[in-house]
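> Please find model.txt (compact mmCIF, C-alpha atoms and all ligand atoms) on the next line:
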# COMPACT_ATOMS: atom_id res chain seq x y z
CA MET A 119 -31.43 -35.55 24.71
CA ASN A 120 -30.85 -36.97 28.20
CA ASN A 121 -28.08 -35.54 30.35
CA SER A 122 -25.45 -38.21 29.86
CA ILE A 123 -25.80 -38.09 26.04
CA ALA A 124 -25.66 -34.29 26.15
CA GLU A 125 -22.43 -34.50 28.18
CA GLU A 126 -20.96 -36.97 25.69
CA VAL A 127 -21.78 -34.66 22.76
CA LYS A 128 -20.17 -31.79 24.65
CA THR A 129 -16.96 -33.72 25.34
CA GLU A 130 -16.78 -34.92 21.74
CA ASP A 131 -17.26 -31.41 20.45
CA ILE A 132 -14.57 -29.96 22.70
CA ASN A 133 -12.11 -32.62 21.59
CA GLU A 134 -12.75 -31.73 17.97
CA ARG A 135 -12.88 -27.98 18.60
CA ILE A 136 -9.52 -27.74 20.34
CA ILE A 137 -6.80 -27.73 17.69
CA GLY A 138 -4.26 -27.75 20.48
CA SER A 139 -3.26 -26.07 23.70
CA VAL A 140 -0.02 -25.38 25.54
CA GLU A 141 0.03 -24.45 29.19
CA GLY A 142 3.00 -22.87 30.93
CA ASP A 143 3.61 -20.46 33.80
CA PRO A 144 0.16 -19.24 34.99
CA ASP A 145 1.45 -15.71 35.55
CA GLY A 146 1.80 -15.13 31.83
CA PRO A 147 -0.79 -14.04 29.26
CA THR A 148 -3.51 -16.20 27.71
CA VAL A 149 -3.52 -16.24 23.92
CA VAL A 150 -6.62 -17.61 22.22
CA ILE A 151 -6.48 -18.23 18.49
CA LEU A 152 -9.79 -18.73 16.71
CA ALA A 153 -9.50 -20.36 13.28
CA GLY A 154 -12.07 -21.39 10.70
CA MET A 155 -14.85 -18.98 11.68
CA HIS A 156 -15.45 -19.22 7.93
CA GLY A 157 -15.25 -22.85 6.86
CA ASN A 158 -13.47 -22.21 3.53
CA GLU A 159 -10.57 -20.58 5.41
CA SER A 160 -8.69 -23.56 6.79
CA ALA A 161 -5.14 -22.19 6.45
CA GLY A 162 -5.53 -20.71 9.96
CA VAL A 163 -6.24 -24.17 11.40
CA GLU A 164 -3.04 -25.51 9.79
CA ALA A 165 -1.05 -22.52 11.09
CA VAL A 166 -2.24 -23.21 14.64
CA LYS A 167 -1.20 -26.87 14.27
CA ASN A 168 2.29 -25.71 13.21
CA ILE A 169 2.56 -23.46 16.26
CA ILE A 170 1.38 -26.11 18.71
CA ARG A 171 3.88 -28.60 17.22
CA THR A 172 6.68 -26.07 17.68
CA LEU A 173 5.80 -25.07 21.24
CA ASP A 174 4.70 -28.36 22.71
CA GLY A 175 7.41 -29.48 25.07
CA ILE A 176 9.89 -26.60 24.60
CA VAL A 177 12.16 -25.99 27.57
CA PRO A 178 11.64 -23.75 29.41
CA PRO A 179 7.87 -23.93 28.73
CA ILE A 180 5.90 -20.94 27.47
CA ASP A 181 4.86 -18.17 29.81
CA GLY A 182 1.08 -18.26 30.08
CA CYS A 183 -1.30 -20.31 28.02
CA LEU A 184 -2.08 -20.81 24.33
CA LEU A 185 -5.39 -22.22 23.13
CA GLY A 186 -6.22 -22.82 19.45
CA LEU A 187 -9.86 -23.45 18.55
CA ARG A 188 -11.85 -24.36 15.44
CA ALA A 189 -14.75 -21.90 15.36
CA ASN A 190 -17.13 -23.32 12.72
CA ILE A 191 -16.59 -27.08 12.55
CA SER A 192 -19.56 -27.88 10.26
CA ALA A 193 -18.57 -25.25 7.70
CA LEU A 194 -14.92 -26.43 7.84
CA GLN A 195 -16.09 -29.99 7.13
CA HIS A 196 -17.99 -28.77 4.07
CA ASN A 197 -15.33 -26.25 3.01
CA VAL A 198 -17.92 -23.45 2.73
CA ARG A 199 -17.92 -19.97 4.27
CA TYR A 200 -21.02 -20.85 6.28
CA ILE A 201 -23.91 -23.33 6.38
CA ASP A 202 -26.91 -21.11 7.28
CA GLU A 203 -25.61 -17.65 8.14
CA ASP A 204 -22.28 -15.83 8.41
CA MET A 205 -20.85 -16.80 11.83
CA ASN A 206 -18.76 -13.64 11.95
CA ARG A 207 -21.80 -11.32 11.75
CA ILE A 208 -23.83 -12.63 14.71
CA TRP A 209 -21.69 -11.63 17.71
CA PHE A 210 -24.16 -9.11 19.13
CA PRO A 211 -24.61 -9.30 22.92
CA SER A 212 -28.35 -9.92 22.42
CA ILE A 213 -27.73 -12.89 20.10
CA VAL A 214 -24.87 -14.26 22.23
CA ASN A 215 -27.14 -14.18 25.32
CA GLU A 216 -30.01 -15.79 23.47
CA VAL A 217 -27.71 -18.54 22.12
CA GLN A 218 -26.42 -19.21 25.62
CA GLU A 219 -29.89 -19.45 27.09
CA THR A 220 -31.55 -21.50 24.34
CA PRO A 221 -31.25 -25.33 24.30
CA GLU A 222 -29.16 -26.43 21.35
CA ALA A 223 -32.00 -28.29 19.60
CA GLU A 224 -34.03 -25.08 19.47
CA LEU A 225 -31.33 -22.90 17.89
CA GLU A 226 -32.28 -21.72 14.42
CA SER A 227 -28.99 -22.11 12.51
CA SER A 228 -25.92 -24.30 12.32
CA GLU A 229 -23.75 -21.26 13.13
CA ARG A 230 -25.66 -20.54 16.35
CA VAL A 231 -25.05 -24.15 17.45
CA GLU A 232 -21.36 -23.65 16.63
CA MET A 233 -21.35 -20.40 18.61
CA LYS A 234 -22.92 -22.10 21.63
CA ARG A 235 -20.29 -24.85 21.56
CA LEU A 236 -17.45 -22.38 20.98
CA LEU A 237 -18.61 -20.31 23.94
CA ALA A 238 -18.59 -23.48 26.05
CA ALA A 239 -14.98 -24.14 24.99
CA LEU A 240 -14.07 -20.56 25.93
CA ASP A 241 -15.83 -20.73 29.27
CA GLY A 242 -13.49 -19.82 32.14
CA ILE A 243 -10.68 -18.74 29.81
CA ASP A 244 -9.94 -15.76 32.07
CA ASP A 245 -9.20 -18.11 34.95
CA LYS A 246 -6.47 -20.09 33.19
CA THR A 247 -3.75 -17.56 33.89
CA ASN A 248 -3.35 -14.35 35.83
CA GLY A 249 -2.19 -12.29 32.84
CA PRO A 250 -4.12 -10.51 30.08
CA VAL A 251 -6.21 -12.35 27.48
CA ILE A 252 -5.33 -11.82 23.83
CA MET A 253 -7.73 -13.06 21.18
CA ALA A 254 -6.69 -13.46 17.53
CA ASP A 255 -9.35 -14.36 14.96
CA ILE A 256 -7.73 -15.84 11.85
CA HIS A 257 -9.18 -15.44 8.39
CA THR A 258 -8.17 -15.60 4.73
CA PHE A 259 -9.69 -13.91 1.66
CA SER A 260 -10.65 -14.69 -1.93
CA ALA A 261 -8.52 -12.18 -3.89
CA ASP A 262 -4.76 -12.27 -4.28
CA GLY A 263 -2.55 -9.90 -2.38
CA TRP A 264 -1.02 -9.12 0.95
CA MET A 265 -2.11 -10.01 4.45
CA PHE A 266 -3.20 -7.47 7.08
CA THR A 267 -4.64 -7.14 10.56
CA ILE A 268 -8.03 -5.67 11.44
CA THR A 269 -7.64 -3.73 14.66
CA ASN A 270 -8.66 -0.62 16.53
CA SER A 271 -6.20 2.27 16.66
CA ASP A 272 -5.57 2.12 20.41
CA PRO A 273 -1.86 3.05 20.86
CA LYS A 274 -1.07 0.02 23.06
CA GLN A 275 -2.58 -2.39 20.60
CA ARG A 276 -0.81 -0.69 17.68
CA LYS A 277 2.49 -1.02 19.49
CA LEU A 278 1.88 -4.70 20.16
CA LEU A 279 0.78 -5.49 16.60
CA SER A 280 3.68 -3.57 15.05
CA ASN A 281 5.82 -6.54 16.12
CA LEU A 282 4.02 -8.77 13.63
CA HIS A 283 5.25 -6.76 10.61
CA VAL A 284 1.79 -7.05 9.08
CA PRO A 285 0.01 -3.91 7.79
CA MET A 286 -2.70 -2.73 10.20
CA VAL A 287 -6.11 -1.57 9.01
CA PHE A 288 -8.12 0.58 11.42
CA GLY A 289 -11.84 1.18 11.25
CA ILE A 290 -13.04 -2.09 9.69
CA GLU A 291 -13.76 -3.44 13.17
CA GLU A 292 -16.29 -0.61 13.60
CA SER A 293 -17.92 -0.93 10.19
CA LEU A 294 -18.35 -4.72 10.21
CA LEU A 295 -21.10 -5.39 12.70
CA GLY A 296 -21.42 -8.57 14.73
CA THR A 297 -17.81 -9.80 14.48
CA ALA A 298 -16.24 -11.98 17.16
CA LEU A 299 -13.30 -9.60 17.39
CA GLY A 300 -15.60 -6.66 18.09
CA TYR A 301 -17.49 -8.65 20.72
CA TYR A 302 -14.35 -9.69 22.59
CA GLN A 303 -12.88 -6.20 22.31
CA LYS A 304 -15.92 -4.96 24.23
CA GLN A 305 -15.35 -7.70 26.82
CA GLY A 306 -12.00 -6.02 27.55
CA TYR A 307 -9.73 -8.41 25.67
CA ILE A 308 -6.95 -7.40 23.34
CA SER A 309 -8.66 -8.62 20.23
CA PHE A 310 -7.83 -8.38 16.53
CA GLY A 311 -8.43 -10.11 13.20
CA LEU A 312 -5.61 -11.49 11.11
CA GLU A 313 -6.34 -11.84 7.39
CA GLY A 314 -3.50 -14.17 6.45
CA GLY A 315 -3.65 -14.15 2.63
CA GLN A 316 -5.57 -15.70 -0.26
CA HIS A 317 -7.50 -18.81 0.87
CA THR A 318 -5.32 -21.40 -0.85
CA HIS A 319 -2.13 -19.47 -1.69
CA GLN A 320 1.00 -21.45 -0.81
CA LEU A 321 2.35 -18.67 1.46
CA THR A 322 -0.83 -18.05 3.47
CA GLU A 323 -0.29 -20.81 6.03
CA TYR A 324 3.39 -19.93 6.45
CA ASN A 325 2.76 -16.19 6.81
CA THR A 326 -0.01 -16.82 9.34
CA THR A 327 2.24 -19.14 11.34
CA ALA A 328 5.11 -16.63 11.23
CA SER A 329 3.07 -13.63 12.32
CA LEU A 330 1.35 -15.53 15.15
CA MET A 331 4.72 -16.71 16.45
CA LEU A 332 5.84 -13.07 16.47
CA LEU A 333 2.66 -12.23 18.41
CA LEU A 334 3.49 -14.89 21.01
CA GLN A 335 6.93 -13.40 21.37
CA ALA A 336 5.59 -9.83 21.57
CA VAL A 337 3.12 -10.65 24.37
CA GLY A 338 5.85 -12.44 26.29
CA CYS A 339 4.68 -16.07 25.90
CA ILE A 340 7.94 -17.16 24.31
CA GLU A 341 11.48 -15.90 24.35
CA GLU A 342 13.40 -15.65 21.13
CA GLN A 343 16.37 -17.70 22.31
CA TYR A 344 14.26 -20.80 22.99
CA VAL A 345 12.50 -20.99 19.65
CA ASP A 346 14.87 -21.47 16.71
CA GLN A 347 12.57 -20.25 13.95
CA ILE A 348 11.63 -16.86 15.44
CA GLU A 349 14.49 -14.99 13.85
CA LYS A 350 13.74 -16.56 10.48
CA TYR A 351 10.04 -15.66 10.80
CA GLU A 352 10.83 -12.07 11.67
CA LYS A 353 13.21 -11.66 8.76
CA HIS A 354 10.66 -13.17 6.41
CA MET A 355 7.79 -10.97 7.60
CA ARG A 356 9.88 -7.80 7.46
CA SER A 357 10.89 -8.42 3.88
CA HIS A 358 7.46 -9.74 2.80
CA THR A 359 5.68 -6.53 3.84
CA LYS A 360 8.54 -4.10 3.20
CA TYR A 361 6.76 -2.00 0.56
CA LEU A 362 3.37 -1.84 2.25
CA PRO A 363 1.94 0.97 4.37
CA VAL A 364 2.33 0.12 8.08
CA GLU A 365 -0.91 1.74 9.28
CA THR A 366 -3.99 2.35 7.17
CA GLU A 367 -7.62 3.22 7.79
CA LEU A 368 -10.92 2.41 6.17
CA VAL A 369 -12.46 5.09 3.96
CA TYR A 370 -15.12 3.15 2.05
CA GLN A 371 -16.93 -0.19 2.30
CA HIS A 372 -19.08 -1.49 -0.57
CA ILE A 373 -21.95 -3.49 0.87
CA ILE A 374 -23.76 -5.95 -1.41
CA GLU A 375 -27.52 -6.19 -1.03
CA ASN A 376 -29.44 -9.33 -1.99
CA GLY A 377 -30.12 -9.41 -5.73
CA ASP A 378 -27.42 -6.84 -6.58
CA GLU A 379 -25.68 -9.16 -9.06
CA PHE A 380 -22.36 -7.75 -7.89
CA ARG A 381 -19.35 -8.55 -10.04
CA MET A 382 -15.86 -7.39 -9.14
CA ARG A 383 -13.68 -6.52 -12.13
CA SER A 384 -11.01 -9.19 -12.40
CA GLY A 385 -7.38 -8.71 -11.43
CA TYR A 386 -7.60 -6.63 -8.25
CA LYS A 387 -5.31 -7.48 -5.34
CA ASN A 388 -5.11 -6.29 -1.74
CA PHE A 389 -3.20 -3.01 -1.40
CA GLN A 390 -3.38 -2.31 -5.13
CA PRO A 391 -3.47 1.50 -5.51
CA ILE A 392 -6.66 2.80 -7.14
CA LYS A 393 -7.73 6.20 -8.46
CA LYS A 394 -10.95 8.10 -7.92
CA GLY A 395 -13.37 7.31 -10.77
CA GLU A 396 -11.76 3.97 -11.64
CA ARG A 397 -14.31 1.27 -12.54
CA LEU A 398 -14.01 -1.42 -9.89
CA ALA A 399 -17.10 -3.54 -10.32
CA THR A 400 -20.58 -3.73 -11.82
CA ASP A 401 -23.98 -4.63 -10.47
CA LYS A 402 -27.57 -4.54 -11.75
CA ASP A 403 -27.50 -0.72 -11.73
CA GLY A 404 -24.34 -0.49 -13.82
CA LYS A 405 -20.79 0.61 -13.11
CA ILE A 406 -19.36 0.91 -9.60
CA VAL A 407 -16.48 3.38 -9.53
CA ALA A 408 -13.98 4.30 -6.82
CA ARG A 409 -15.18 7.30 -4.83
CA CYS A 410 -11.66 8.31 -3.86
CA ASP A 411 -7.99 7.47 -4.30
CA GLY A 412 -6.58 4.79 -2.04
CA TYR A 413 -5.74 1.12 -1.87
CA ILE A 414 -8.25 -1.61 -2.53
CA LEU A 415 -8.79 -4.26 0.12
CA MET A 416 -10.58 -7.62 0.00
CA PRO A 417 -12.19 -7.38 -3.47
CA LEU A 418 -14.74 -10.20 -3.46
CA TYR A 419 -14.13 -13.05 -5.89
CA GLN A 420 -16.41 -15.69 -4.34
CA SER A 421 -20.17 -16.05 -4.29
CA GLN A 422 -20.72 -16.06 -0.50
CA GLY A 423 -20.13 -12.78 1.34
CA ASN A 424 -21.74 -9.34 1.59
CA ASP A 425 -18.77 -7.00 1.32
CA GLY A 426 -17.81 -6.26 -2.29
CA PHE A 427 -14.60 -4.41 -1.49
CA PHE A 428 -13.07 -1.90 0.88
CA ILE A 429 -10.99 1.22 0.13
CA ILE A 430 -8.31 2.20 2.63
CA LYS A 431 -5.77 5.01 2.83
CA GLU A 432 -2.61 5.57 4.78
CA HIS A 433 -3.30 6.51 8.39
CA GLU A 434 -2.09 9.91 9.50
CA SER A 435 -1.24 9.80 13.16
ZN ZN A 501 -13.18 -14.98 7.05
Since I need it in another form, could you write the structure as structure tokens?
Ligand SMILES: [Zn+2]


Amino acid sequence: MNNSIAEEVKTEDINERIIGSVEGDPDGPTVVILAGMHGNESAGVEAVKNIIRTLDGIVPPIDGCLLGLRANISALQHNVRYIDEDMNRIWFPSIVNEVQETPEAELESSERVEMKRLLAALDGIDDKTNGPVIMADIHTFSADGWMFTITNSDPKQRKLLSNLHVPMVFGIEESLLGTALGYYQKQGYISFGLEGGQHTHQLTEYNTTASLMLLLQAVGCIEEQYVDQIEKYEKHMRSHTKYLPVETELVYQHIIENGDEFRMRSGYKNFQPIKKGERLATDKDGKIVARCDGYILMPLYQSQGNDGFFIIKEHES
């Protein structure tokens, strides 16, 4: 590829990658929303579009900067979790460096090409404003049930995320290796994952929109009085998650190995209470039972993915 064609490809990609951006007072925070890291999870992309539509042109403008990006464009186009490898399991500094240094044509997977282009779109993000950078990575899941955030248990971050009225799950960010949220956390950003609901459930897009608007308010990008819907979103989120534990932590993760023939028992939903000894799934070796009491999280009801289910319990602070 000669230089001018390479530049053209880069510009085209950035145009497609940016779902939208809003720039206001440069002293405010920078909020980056990544959507569609898994291509069968497009509700996050729609939620970002809703937010951009709402905030574009409000007076006074937002404080800081908001940037919404499509993470895995090829997988989104094919409506699959990934093309060659899971894009949310390759964010190791060694891989990120290698991807940055390797010419695109020599990269070994579609997801590494996507990563290279996403990194280019994120280049210089710290320079946009003088405030902190907050990174939200938006996902959805295959089972029914409630939404949650994946976050560390740092008190400042907990305080910030409590404004979303979405249950927080601690510890997953340490057990899932190679996630974008983990990578950016180590870069010093406030970084968390938002699992907005079942992939195609009618409330998933709305709930994701609502909780991200509450995030923008909590970090100081927008003030309640200038955005009509904020009050409505807050009321909705409070009542939607009223009966759920506010803070939980991971106690068990069931990892699927190749050839396991894993099958989740039907009917499990996020935050469904389970009892020790309860049969949750089967694989080639037989029954898989719960090792402890708790709530089930993200039982897997799709073929792509390596985590069968998680068990969480209420966090004792
Ligand atoms: Zn996902």

> Per residue of chain A within 7 Å of ligand ZN 501 (chain A), record the nearest atom pair and its distance in Å to one decimal, counting all atoms listed in the file, with rows in chain order and ascending residue number, as a Markdown table.


| residue | atom | partner | partner_atom | distance |
| --- | --- | --- | --- | --- |
| A:Met155 | CA | A:ZN501 | ZN | 6.3 |
| A:His156 | CA | A:ZN501 | ZN | 4.9 |
| A:Glu159 | CA | A:ZN501 | ZN | 6.4 |
| A:His257 | CA | A:ZN501 | ZN | 4.2 |
| A:Thr258 | CA | A:ZN501 | ZN | 5.6 |
| A:Phe259 | CA | A:ZN501 | ZN | 6.5 |

> Which residue, A:Ile176, A:Ala298, A:Val364, A:Val127, has the smallest gap to His433 (chain A) when you use all atoms listed in the file?

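When distances to His433 (chain A) are compared using all atoms listed in the file, the smallest one comes from A:Val364.
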
> Neighbours of region 394-397 of chain A within 6 Å (only C-alpha atoms; same-chain residues fewer than 5 positions away dropped), as a list in words?

Ile406, Val407, Ala408, Arg409, Cys410 and Asp411 of chain A

> Which of these, A:Lys304, A:Val198, A:Ile169, A:Leu415, has the shortest distance to Gln347 (chain A) once you count only C-alpha atoms?

A:Ile169

> So that each row is one residue of region 279-377 of chain A with an atom at most 10 Å from region 381-391 of chain A, can you give its shortest atom pair and the distance in Å to one decimal, using only C-alpha atoms, rows by chain and rising number, as JSON lines?


{"residue": "A:Pro285", "atom": "CA", "partner": "A:Phe389", "partner_atom": "CA", "distance": 9.8}
{"residue": "A:Gly315", "atom": "CA", "partner": "A:Asn388", "partner_atom": "CA", "distance": 9.1}
{"residue": "A:Gln316", "atom": "CA", "partner": "A:Asn388", "partner_atom": "CA", "distance": 9.5}
{"residue": "A:Leu362", "atom": "CA", "partner": "A:Phe389", "partner_atom": "CA", "distance": 7.6}
{"residue": "A:Pro363", "atom": "CA", "partner": "A:Phe389", "partner_atom": "CA", "distance": 8.7}

> Counting all atoms listed in the file, what is within 8 Å of Glu432 (chain A), bar same-chain residues fewer than 5 positions away, as a count of residues only?

5

> Between CA of Phe427 (chain A) and CA of Asp401 (chain A), what is the distance, to one decimal in Å?

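Atom-to-atom, CA of Phe427 (chain A) to CA of Asp401 (chain A), that is 13.0 Å.
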
> Could you jot down the CA of Tyr370 (chain A) to CA of Asp425 (chain A) separation for me, Å, one decimal place?

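CA of Asp425 (chain A) lies at a distance of 10.8 Å from CA of Tyr370 (chain A).
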
> When distances are computed from all atoms listed in the file, which of A:Arg207, A:His372, A:Lys350, A:His317 shows the smallest separation from Leu299 (chain A)?

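Smallest separation from Leu299 (chain A) among the options: A:Arg207.
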
> To one decimal place in Å, what is the distance between CA of Asp244 (chain A) and CA of Gln218 (chain A)?

18.0 Å

> Rank A:Ala239, A:Val166, A:Val140, A:Ile213 by their smallest atom-to-atom distance to Met331 (chain A), using only C-alpha atoms, and report the top residue only.

A:Val166

> Which is closest to Asn158 (chain A) among A:Arg171, A:Tyr200, A:Glu125, A:Ala223, if we use all atoms listed in the file?

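With all atoms listed in the file as the atom set, the closest residue is A:Tyr200.
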
> Considering all atoms listed in the file, state which residue in the set A:Gly154, A:Gly138, A:Pro178, A:Gly263 is at the smallest distance from Leu321 (chain A).

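Nearest to Leu321 (chain A): A:Gly263.
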
> Show me, as a PyMOL selection string, the residues that have an atom within 8 Å of Ser192 (chain A) when counting only C-alpha atoms, minus same-chain residues fewer than 6 positions from it.

chain A and resi 157+201+228+232

> Is it possible to get the residues within 6 Å of (-5.4, -26.3, 20.8) (coordinates as in the file, counting all atoms listed in the file) written as a compact mmCIF listing (two decimals) with C-alpha atoms, in the coordinates of the input?


# COMPACT_ATOMS: atom_id res chain seq x y z
CA ILE A 136 -9.52 -27.74 20.34
CA ILE A 137 -6.80 -27.73 17.69
CA GLY A 138 -4.26 -27.75 20.48
CA SER A 139 -3.26 -26.07 23.70
CA LEU A 185 -5.39 -22.22 23.13
CA GLY A 186 -6.22 -22.82 19.45
CA LEU A 187 -9.86 -23.45 18.55

> Per residue of region 235-261 of chain A within 12 Å of region 337-345 of chain A, what are the shortest atom pair and its distance in Å to one decimal, counting all atoms listed in the file, with rows by chain and residue number, as a Markdown table?


| residue | atom | partner | partner_atom | distance |
| --- | --- | --- | --- | --- |
| A:Thr247 | CA | A:Cys339 | CA | 11.7 |
| A:Gly249 | CA | A:Val337 | CA | 10.1 |
| A:Pro250 | CA | A:Val337 | CA | 9.2 |
| A:Val251 | CA | A:Val337 | CA | 10.0 |
| A:Ile252 | CA | A:Val337 | CA | 8.5 |
| A:Met253 | CA | A:Val337 | CA | 11.6 |
